[in-house]
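*Asks:* Data file start.pdb (PDB, C-alpha atoms and all ligand atoms) is appended below.
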ATOM      1  CA  MET A   1      94.179  17.156-100.123
ATOM      2  CA  THR A   2      93.205  18.217-103.586
ATOM      3  CA  HIS A   3      94.909  21.159-105.137
ATOM      4  CA  GLN A   4      92.908  24.214-104.113
ATOM      5  CA  ARG A   5      91.799  26.570-106.864
ATOM      6  CA  LEU A   6      90.013  29.860-106.362
ATOM      7  CA  LEU A   7      88.517  32.140-109.025
ATOM      8  CA  GLY A   8      87.379  35.719-108.434
ATOM      9  CA  ALA A   9      85.030  37.371-110.941
ATOM     10  CA  TYR A  10      85.037  41.173-110.757
ATOM     11  CA  ALA A  11      84.464  44.220-112.922
ATOM     12  CA  HIS A  12      87.264  46.752-112.483
ATOM     13  CA  PRO A  13      90.912  46.980-111.505
ATOM     14  CA  ASP A  14      90.817  47.478-107.687
ATOM     15  CA  ASP A  15      87.617  45.435-107.152
ATOM     16  CA  GLU A  16      89.912  42.585-106.108
ATOM     17  CA  GLN A  17      90.840  44.558-102.998
ATOM     18  CA  GLY A  18      87.835  43.152-101.135
ATOM     19  CA  VAL A  19      89.385  39.688-101.339
ATOM     20  CA  SER A  20      93.084  40.510-101.667
ATOM     21  CA  GLY A  21      93.960  39.194 -98.219
ATOM     22  CA  LEU A  22      92.242  35.867 -98.655
ATOM     23  CA  MET A  23      93.685  35.459-102.136
ATOM     24  CA  ARG A  24      97.181  35.972-100.684
ATOM     25  CA  LYS A  25      96.389  33.604 -97.826
ATOM     26  CA  TYR A  26      95.309  30.791-100.139
ATOM     27  CA  ALA A  27      98.096  31.490-102.619
ATOM     28  CA  ASN A  28     100.596  31.156 -99.758
ATOM     29  CA  ALA A  29      99.041  27.785 -98.967
ATOM     30  CA  GLY A  30      99.637  26.651-102.553
ATOM     31  CA  ALA A  31      96.263  27.449-104.104
ATOM     32  CA  GLU A  32      96.009  28.521-107.720
ATOM     33  CA  VAL A  33      94.292  31.906-107.728
ATOM     34  CA  THR A  34      92.663  33.274-110.892
ATOM     35  CA  LEU A  35      91.204  36.749-111.286
ATOM     36  CA  VAL A  36      88.759  37.704-114.013
ATOM     37  CA  CYS A  37      88.319  41.421-114.524
ATOM     38  CA  ALA A  38      85.577  42.320-116.995
ATOM     39  CA  THR A  39      86.737  45.864-117.842
ATOM     40  CA  ARG A  40      89.824  48.038-117.500
ATOM     41  CA  GLY A  41      88.112  50.770-115.461
ATOM     42  CA  GLU A  42      88.293  53.223-118.353
ATOM     43  CA  ALA A  43      85.415  55.408-117.159
ATOM     44  CA  GLY A  44      86.713  56.314-113.716
ATOM     45  CA  GLU A  45      88.230  59.582-112.589
ATOM     46  CA  ILE A  46      92.003  59.993-112.758
ATOM     47  CA  ALA A  47      93.681  60.852-109.467
ATOM     48  CA  PRO A  48      95.567  64.151-109.513
ATOM     49  CA  GLY A  49      99.275  63.906-110.286
ATOM     50  CA  VAL A  50      98.954  60.606-112.150
ATOM     51  CA  ASN A  51     100.385  60.459-115.641
ATOM     52  CA  ALA A  52      97.327  59.130-117.475
ATOM     53  CA  THR A  53      94.816  60.458-119.982
ATOM     54  CA  MET A  54      91.291  59.321-120.798
ATOM     55  CA  GLU A  55      92.837  57.763-123.937
ATOM     56  CA  ASN A  56      95.364  55.529-122.169
ATOM     57  CA  LEU A  57      93.540  55.027-118.867
ATOM     58  CA  GLY A  58      92.570  51.435-119.687
ATOM     59  CA  GLN A  59      96.201  50.471-120.259
ATOM     60  CA  VAL A  60      97.342  52.332-117.135
ATOM     61  CA  ARG A  61      94.749  50.520-115.033
ATOM     62  CA  GLU A  62      95.597  47.168-116.559
ATOM     63  CA  ASP A  63      99.216  47.740-115.530
ATOM     64  CA  GLU A  64      98.089  48.788-112.047
ATOM     65  CA  LEU A  65      96.029  45.608-111.696
ATOM     66  CA  ARG A  66      98.982  43.493-112.795
ATOM     67  CA  CYS A  67     101.097  45.221-110.131
ATOM     68  CA  ALA A  68      98.467  44.413-107.471
ATOM     69  CA  ALA A  69      97.970  40.856-108.727
ATOM     70  CA  GLU A  70     101.664  40.131-108.369
ATOM     71  CA  LYS A  71     101.656  41.283-104.750
ATOM     72  CA  ILE A  72      98.482  39.324-104.005
ATOM     73  CA  GLY A  73      99.827  36.124-105.549
ATOM     74  CA  ILE A  74      97.228  35.883-108.288
ATOM     75  CA  ARG A  75      98.590  33.426-110.827
ATOM     76  CA  ASN A  76      96.212  34.073-113.731
ATOM     77  CA  VAL A  77      94.745  37.456-114.670
ATOM     78  CA  TYR A  78      92.142  37.719-117.426
ATOM     79  CA  PHE A  79      90.371  40.734-118.862
ATOM     80  CA  LEU A  80      87.052  40.172-120.626
ATOM     81  CA  ASP A  81      87.666  43.344-122.693
ATOM     82  CA  TYR A  82      84.382  45.104-122.015
ATOM     83  CA  ARG A  83      84.372  48.823-121.428
ATOM     84  CA  ASP A  84      83.735  50.318-118.005
ATOM     85  CA  SER A  85      80.066  51.412-117.897
ATOM     86  CA  GLY A  86      80.669  54.215-115.391
ATOM     87  CA  MET A  87      78.513  54.875-112.354
ATOM     88  CA  SER A  88      74.759  54.376-112.598
ATOM     89  CA  GLY A  89      73.269  57.095-114.809
ATOM     90  CA  ALA A  90      76.573  58.072-116.467
ATOM     91  CA  PRO A  91      76.569  58.512-120.269
ATOM     92  CA  GLU A  92      79.091  55.642-120.510
ATOM     93  CA  ASN A  93      76.234  53.289-119.510
ATOM     94  CA  HIS A  94      75.071  53.559-123.133
ATOM     95  CA  ASP A  95      78.387  52.889-124.862
ATOM     96  CA  PRO A  96      77.850  49.763-127.006
ATOM     97  CA  ARG A  97      81.214  48.425-125.765
ATOM     98  CA  ALA A  98      80.171  48.792-122.113
ATOM     99  CA  LEU A  99      79.713  45.748-119.917
ATOM    100  CA  TRP A 100      76.241  47.063-119.053
ATOM    101  CA  GLN A 101      75.264  46.778-122.741
ATOM    102  CA  ALA A 102      76.792  43.332-123.235
ATOM    103  CA  ASN A 103      74.706  40.228-123.800
ATOM    104  CA  LEU A 104      74.648  38.597-120.377
ATOM    105  CA  PHE A 105      74.910  35.107-121.874
ATOM    106  CA  GLU A 106      78.035  36.161-123.763
ATOM    107  CA  VAL A 107      79.638  37.420-120.534
ATOM    108  CA  ALA A 108      78.637  34.154-118.840
ATOM    109  CA  GLU A 109      80.121  32.205-121.752
ATOM    110  CA  LYS A 110      83.481  33.897-121.294
ATOM    111  CA  LEU A 111      83.421  33.209-117.566
ATOM    112  CA  THR A 112      82.343  29.622-118.144
ATOM    113  CA  ARG A 113      85.316  29.108-120.459
ATOM    114  CA  LEU A 114      87.718  30.268-117.744
ATOM    115  CA  ILE A 115      85.977  28.117-115.123
ATOM    116  CA  ARG A 116      86.326  25.067-117.365
ATOM    117  CA  ARG A 117      89.962  25.919-118.040
ATOM    118  CA  HIS A 118      91.034  26.504-114.420
ATOM    119  CA  GLN A 119      88.531  24.275-112.577
ATOM    120  CA  PRO A 120      88.112  26.276-109.369
ATOM    121  CA  GLN A 121      86.327  24.634-106.455
ATOM    122  CA  VAL A 122      85.465  28.086-105.084
ATOM    123  CA  MET A 123      84.337  31.293-106.785
ATOM    124  CA  THR A 124      83.926  34.786-105.366
ATOM    125  CA  THR A 125      82.107  37.763-106.889
ATOM    126  CA  PHE A 126      79.961  40.760-105.949
ATOM    127  CA  ASP A 127      76.611  40.600-104.197
ATOM    128  CA  PRO A 128      73.421  41.204-106.278
ATOM    129  CA  ASN A 129      73.663  44.981-105.773
ATOM    130  CA  GLY A 130      77.362  45.077-106.591
ATOM    131  CA  GLY A 131      78.093  46.556-103.175
ATOM    132  CA  TYR A 132      76.913  50.046-104.005
ATOM    133  CA  GLY A 133      74.907  49.632-107.196
ATOM    134  CA  HIS A 134      77.646  49.999-109.815
ATOM    135  CA  PRO A 135      76.173  48.635-113.086
ATOM    136  CA  ASP A 136      79.336  46.658-113.894
ATOM    137  CA  HIS A 137      79.402  45.043-110.454
ATOM    138  CA  ILE A 138      75.781  43.985-110.888
ATOM    139  CA  ARG A 139      76.449  42.601-114.371
ATOM    140  CA  ILE A 140      79.481  40.517-113.384
ATOM    141  CA  HIS A 141      77.523  39.183-110.405
ATOM    142  CA  GLN A 142      74.775  38.017-112.770
ATOM    143  CA  ALA A 143      77.241  36.431-115.193
ATOM    144  CA  ALA A 144      79.078  34.675-112.345
ATOM    145  CA  LEU A 145      75.813  33.270-111.032
ATOM    146  CA  ILE A 146      74.897  31.876-114.461
ATOM    147  CA  ALA A 147      78.386  30.455-114.963
ATOM    148  CA  TYR A 148      78.288  28.818-111.518
ATOM    149  CA  PHE A 149      75.122  26.965-112.486
ATOM    150  CA  VAL A 150      75.992  25.985-116.059
ATOM    151  CA  ALA A 151      79.762  25.409-116.251
ATOM    152  CA  GLY A 152      79.268  21.782-115.214
ATOM    153  CA  ASP A 153      76.526  21.176-117.770
ATOM    154  CA  ALA A 154      77.783  19.950-121.154
ATOM    155  CA  ARG A 155      74.708  21.401-122.848
ATOM    156  CA  ALA A 156      75.818  24.906-121.952
ATOM    157  CA  TYR A 157      78.205  26.476-124.459
ATOM    158  CA  PRO A 158      78.817  23.030-126.057
ATOM    159  CA  GLU A 159      81.233  24.476-128.638
ATOM    160  CA  GLN A 160      83.750  24.967-125.811
ATOM    161  CA  ILE A 161      83.681  21.213-125.320
ATOM    162  CA  ALA A 162      83.445  20.196-128.992
ATOM    163  CA  ARG A 163      86.052  22.594-130.350
ATOM    164  CA  GLU A 164      88.201  23.926-127.532
ATOM    165  CA  GLY A 165      89.009  20.711-125.720
ATOM    166  CA  LEU A 166      87.411  21.877-122.470
ATOM    167  CA  GLN A 167      85.389  19.679-120.142
ATOM    168  CA  PRO A 168      82.377  20.604-118.004
ATOM    169  CA  TRP A 169      83.437  21.678-114.519
ATOM    170  CA  THR A 170      81.215  21.982-111.471
ATOM    171  CA  VAL A 171      82.252  24.684-109.006
ATOM    172  CA  SER A 172      81.514  23.595-105.430
ATOM    173  CA  LYS A 173      80.916  26.923-103.709
ATOM    174  CA  LEU A 174      79.980  30.464-104.699
ATOM    175  CA  TYR A 175      80.533  33.442-102.426
ATOM    176  CA  TRP A 176      79.781  37.070-102.703
ATOM    177  CA  GLY A 177      81.275  39.940-100.820
ATOM    178  CA  ALA A 178      79.486  41.321 -97.762
ATOM    179  CA  PHE A 179      79.853  44.841 -96.454
ATOM    180  CA  PRO A 180      79.199  44.484 -92.734
ATOM    181  CA  ARG A 181      76.687  47.029 -91.494
ATOM    182  CA  GLN A 182      78.392  47.704 -88.166
ATOM    183  CA  ARG A 183      81.735  48.360 -89.841
ATOM    184  CA  PHE A 184      80.302  50.835 -92.337
ATOM    185  CA  GLU A 185      78.175  52.585 -89.742
ATOM    186  CA  LYS A 186      81.319  53.087 -87.713
ATOM    187  CA  TYR A 187      83.131  54.551 -90.730
ATOM    188  CA  ALA A 188      80.200  56.865 -91.425
ATOM    189  CA  HIS A 189      80.160  58.015 -87.812
ATOM    190  CA  LEU A 190      83.901  58.727 -87.855
ATOM    191  CA  ALA A 191      83.626  60.571 -91.159
ATOM    192  CA  LYS A 192      80.893  62.718 -89.676
ATOM    193  CA  LEU A 193      83.032  63.490 -86.633
ATOM    194  CA  ALA A 194      85.818  64.534 -89.002
ATOM    195  CA  GLY A 195      83.405  66.861 -90.786
ATOM    196  CA  LEU A 196      83.485  64.902 -94.050
ATOM    197  CA  ASP A 197      80.668  64.461 -96.504
ATOM    198  CA  LEU A 198      80.139  60.770 -97.126
ATOM    199  CA  PRO A 199      81.014  59.854-100.712
ATOM    200  CA  VAL A 200      78.167  58.353-102.729
ATOM    201  CA  PRO A 201      79.547  54.785-102.734
ATOM    202  CA  ILE A 202      79.711  54.787 -98.929
ATOM    203  CA  GLN A 203      76.169  56.173 -98.727
ATOM    204  CA  GLU A 204      75.060  53.368-101.018
ATOM    205  CA  PHE A 205      77.009  50.751 -99.062
ATOM    206  CA  LEU A 206      75.184  51.880 -95.953
ATOM    207  CA  LYS A 207      71.747  51.507 -97.513
ATOM    208  CA  ARG A 208      72.406  47.890 -98.423
ATOM    209  CA  ALA A 209      75.110  46.856 -95.975
ATOM    210  CA  THR A 210      74.736  43.293 -94.774
ATOM    211  CA  PRO A 211      73.404  42.824 -91.236
ATOM    212  CA  ASP A 212      76.350  41.361 -89.355
ATOM    213  CA  GLU A 213      74.381  38.288 -88.294
ATOM    214  CA  ALA A 214      73.777  37.391 -91.977
ATOM    215  CA  ILE A 215      77.483  37.107 -92.751
ATOM    216  CA  THR A 216      78.286  33.422 -93.149
ATOM    217  CA  THR A 217      82.006  33.597 -93.683
ATOM    218  CA  GLN A 218      84.848  35.532 -92.091
ATOM    219  CA  ILE A 219      88.396  35.110 -93.285
ATOM    220  CA  ASP A 220      91.047  36.364 -90.892
ATOM    221  CA  VAL A 221      93.676  38.171 -92.946
ATOM    222  CA  ALA A 222      95.234  40.242 -90.152
ATOM    223  CA  GLU A 223      98.722  39.139 -91.124
ATOM    224  CA  PHE A 224      98.201  40.535 -94.637
ATOM    225  CA  VAL A 225      97.003  44.063 -93.832
ATOM    226  CA  ASP A 226     100.287  45.698 -94.882
ATOM    227  CA  LEU A 227     100.359  43.561 -98.007
ATOM    228  CA  LYS A 228      96.773  44.589 -98.800
ATOM    229  CA  LEU A 229      97.640  48.264 -98.456
ATOM    230  CA  SER A 230     100.678  47.803-100.635
ATOM    231  CA  ALA A 231      98.568  46.082-103.323
ATOM    232  CA  LEU A 232      95.956  48.837-103.002
ATOM    233  CA  HIS A 233      98.605  51.469-103.668
ATOM    234  CA  CYS A 234      99.368  49.853-107.027
ATOM    235  CA  HIS A 235      96.089  51.481-108.129
ATOM    236  CA  ALA A 236      97.634  54.954-108.134
ATOM    237  CA  SER A 237      95.264  56.368-110.752
ATOM    238  CA  GLN A 238      92.336  55.556-108.432
ATOM    239  CA  MET A 239      93.798  57.032-105.225
ATOM    240  CA  ASN A 240      91.582  59.914-104.179
ATOM    241  CA  PRO A 241      93.633  62.235-101.940
ATOM    242  CA  ASN A 242      90.434  63.346-100.173
ATOM    243  CA  SER A 243      89.291  59.807 -99.485
ATOM    244  CA  ILE A 244      87.731  59.241 -96.086
ATOM    245  CA  TRP A 245      90.293  56.485 -95.528
ATOM    246  CA  GLY A 246      92.945  59.106 -94.886
ATOM    247  CA  LYS A 247      90.769  60.825 -92.292
ATOM    248  CA  ILE A 248      89.580  58.012 -90.045
ATOM    249  CA  PRO A 249      91.911  56.594 -87.369
ATOM    250  CA  GLN A 250      94.302  54.135 -88.974
ATOM    251  CA  ASP A 251      93.857  51.478 -86.294
ATOM    252  CA  ILE A 252      90.146  51.365 -87.133
ATOM    253  CA  ARG A 253      90.869  51.191 -90.839
ATOM    254  CA  ARG A 254      93.388  48.391 -90.285
ATOM    255  CA  ALA A 255      90.923  46.464 -88.123
ATOM    256  CA  GLY A 256      88.428  46.633 -91.005
ATOM    257  CA  LEU A 257      91.034  45.359 -93.440
ATOM    258  CA  ALA A 258      91.999  42.479 -91.140
ATOM    259  CA  MET A 259      88.758  40.541 -91.648
ATOM    260  CA  GLU A 260      87.285  39.767 -95.079
ATOM    261  CA  THR A 261      83.582  38.996 -94.922
ATOM    262  CA  LEU A 262      81.495  37.059 -97.425
ATOM    263  CA  ILE A 263      78.156  35.398 -97.891
ATOM    264  CA  ARG A 264      78.175  31.745 -98.900
ATOM    265  CA  ALA A 265      75.493  32.148-101.542
ATOM    266  CA  GLU A 266      75.556  28.650-103.041
ATOM    267  CA  SER A 267      77.187  25.417-101.981
ATOM    268  CA  ARG A 268      77.095  21.934-103.410
ATOM    269  CA  VAL A 269      78.964  20.572-100.407
ATOM    270  CA  VAL A 270      77.850  20.258 -96.809
ATOM    271  CA  VAL A 271      79.163  22.961 -94.512
ATOM    272  CA  PRO A 272      78.791  22.683 -90.740
ATOM    273  CA  PRO A 273      76.626  25.340 -89.036
ATOM    274  CA  GLY A 274      78.257  28.408 -87.517
ATOM    275  CA  VAL A 275      80.479  31.071 -88.936
ATOM    276  CA  GLU A 276      82.755  29.619 -91.564
ATOM    277  CA  THR A 277      86.434  30.611 -91.482
ATOM    278  CA  ASP A 278      87.729  28.748 -94.555
ATOM    279  CA  LEU A 279      86.298  29.000 -98.082
ATOM    280  CA  PHE A 280      87.310  25.405 -98.793
ATOM    281  CA  THR A 281      85.433  23.881 -95.840
ATOM    282  CA  GLY A 282      83.505  20.820 -97.004
ATOM    283  CA  ILE A 283      85.553  20.310-100.168
ATOM    284  CA  GLU A 284      87.370  16.968-100.311
TER     285      GLU A 284
HETATM  286 ZN    ZN A 301      84.438  48.319-109.310
END
Starting from the file, lay out its structure as structure tokens.
Ligand SMILES: [Zn+2]

*Replies:*
Amino acid sequence: MTHQRLLGAYAHPDDEQGVSGLMRKYANAGAEVTLVCATRGEAGEIAPGVNATMENLGQVREDELRCAAEKIGIRNVYFLDYRDSGMSGAPENHDPRALWQANLFEVAEKLTRLIRRHQPQVMTTFDPNGGYGHPDHIRIHQAALIAYFVAGDARAYPEQIAREGLQPWTVSKLYWGAFPRQRFEKYAHLAKLAGLDLPVPIQEFLKRATPDEAITTQIDVAEFVDLKLSALHCHASQMNPNSIWGKIPQDIRRAGLAMETLIRAESRVVVPPGVETDLFTGIE
């Protein structure tokens, strides 16, 4: 068996939580796991009681991501050094340093460089709406899609090959995260029963949640639920004490965490029909 290599392309510290279980699972099996995080989440709110300011938030969140990455077994962590664009409509959208303002081909170039360096067979990223419409999630999705198609083409970003000693590399499979409709409808129902207003991201998830029958790939990570929660808690500055996760029954929350769901968006290898349970199916 070839050495398995997996690369996740995301936008903010904590975005990796959607794939933290599968990353740990493949890392345990010897895979090399690489995480690319385009920003440091500088535009988010700071959880109460956390020793951070708007000035040092990027550094705090970088440290939090490194804490999570260690628990998850991520071997390589890269930041692309863009600034968090904030939620859709926020003034930070217009900051010239923001990922939303970046030249998409420049973002794709940076991702392509890391693909050529680490040679993953499998990539994961956000879906085209970035789950709930966050501009940075959408942008990294677009860059990942471009990089998936061009990293193996020597005509793309040829200076990486001429001057940096890199070779073209063709990624075999590209996945994006899927938010299963039934799971999120259940959460919304439970939140309503608990008298909670649904936070905007959950409302947005629900509008675009993936019909369960469209989910191609389910990775069972039940044995890593505690590990996932422990990695999640590294992101202390993002822990909202009024989050709906504290209000819904914990067995239901844990059941949701036990299965990571994705869409196999692109594949250059043949995959048998039916629900796929291994991202590396079809790869020699
Ligand atoms: Zn995010």

*Asks:* Give me, as a ChimeraX atom specification, all polymer residues having an atom no more than 10 Å from Glu260 in chain A, counting only C-alpha atoms and skipping those fewer than 6 positions away in the same chain.

*Replies:* /A:17-22,177-180,217-222,277

*Asks:* In Å to one decimal, how far is CA of His12 in chain A from CA of Asn129 in chain A?

*Replies:* 15.3 Å

*Asks:* Could you pull out the residues sitting within 8 Å of ligand ZN 301 (chain A), using all atoms listed in the file, and write them as a list of chain:residue names?

*Replies:*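 Listed by chain and ascending number, the contacts are A:Tyr10, A:Ala11, A:His12, A:Pro13, A:Asp14, A:Asp15, A:Gly41, A:His134, A:Asp136, A:His137.
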
*Asks:* Which is closest to Arg253 in chain A among A:Phe184, A:Gly274, A:Tyr148, A:Ile140, if we use only C-alpha atoms?

*Replies:*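 For Arg253 in chain A, the nearest of the given residues is A:Phe184.
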
*Asks:* When distances are computed from all atoms listed in the file, which of A:Met123, A:Ala162, A:Ala108, A:Ile252 shows the smallest separation from Phe280 in chain A?

*Replies:* A:Met123

*Asks:* Can you write out as a Markdown table which residues of range 85-138 of chain A fall within 9 Å of range 204-213 of chain A, alongside each residue's closest atom pair and its distance in Å to one decimal, counting all atoms listed in the file and ordering rows by chain and ascending residue number?

*Replies:*
| residue | atom | partner | partner_atom | distance |
| --- | --- | --- | --- | --- |
| A:Asn129 | CA | A:Arg208 | CA | 8.0 |
| A:Gly131 | CA | A:Phe205 | CA | 6.0 |
| A:Tyr132 | CA | A:Glu204 | CA | 4.8 |
| A:Gly133 | CA | A:Glu204 | CA | 7.2 |

*Asks:* Between A:Ala265, A:Ala27, A:Ala154, A:Ile46, which one has atoms that come closest to Thr170 in chain A, using all atoms listed in the file?

*Replies:*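 Counting all atoms listed in the file, the residue closest to Thr170 in chain A is A:Ala154.
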
*Asks:* Can you list, as a short mmCIF file (atom, residue, chain, number, x, y, z; two decimals) with C-alpha atoms, keeping the file's coordinate frame, every protein, DNA or RNA residue that comes within 7 Å of Arg75 in chain A when you count all atoms listed in the file, leaving out same-chain residues fewer than 5 positions away?

*Replies:*
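After the write, selection_36.cif holds the following:
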data_model
loop_
_atom_site.label_atom_id
_atom_site.label_comp_id
_atom_site.auth_asym_id
_atom_site.auth_seq_id
_atom_site.Cartn_x
_atom_site.Cartn_y
_atom_site.Cartn_z
CA GLU A 32 96.01 28.52 -107.72
CA VAL A 33 94.29 31.91 -107.73
CA THR A 34 92.66 33.27 -110.89
#

*Asks:* Pick the closest to Ser172 in chain A from A:Ala69, A:Ala151, A:Ala98, A:Leu262: which is it, counting all atoms listed in the file?

*Replies:*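 Looking at the shortest contact to Ser172 in chain A, the residue is A:Ala151.
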
*Asks:* Counting all atoms listed in the file, figure out which residue out of A:Lys247, A:Tyr82, A:Val171, A:Glu62 gets nearest to Ala188 in chain A.

*Replies:*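 Closest candidate: A:Lys247.
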
*Asks:* Would you list the contacts of Phe224 in chain A as a ChimeraX atom specification, taking every protein, DNA or RNA residue within 10 Å and counting only C-alpha atoms, but skipping same-chain residues closer than 5 positions in sequence?

*Replies:* /A:20-22,24-25,72,229-230,257-259
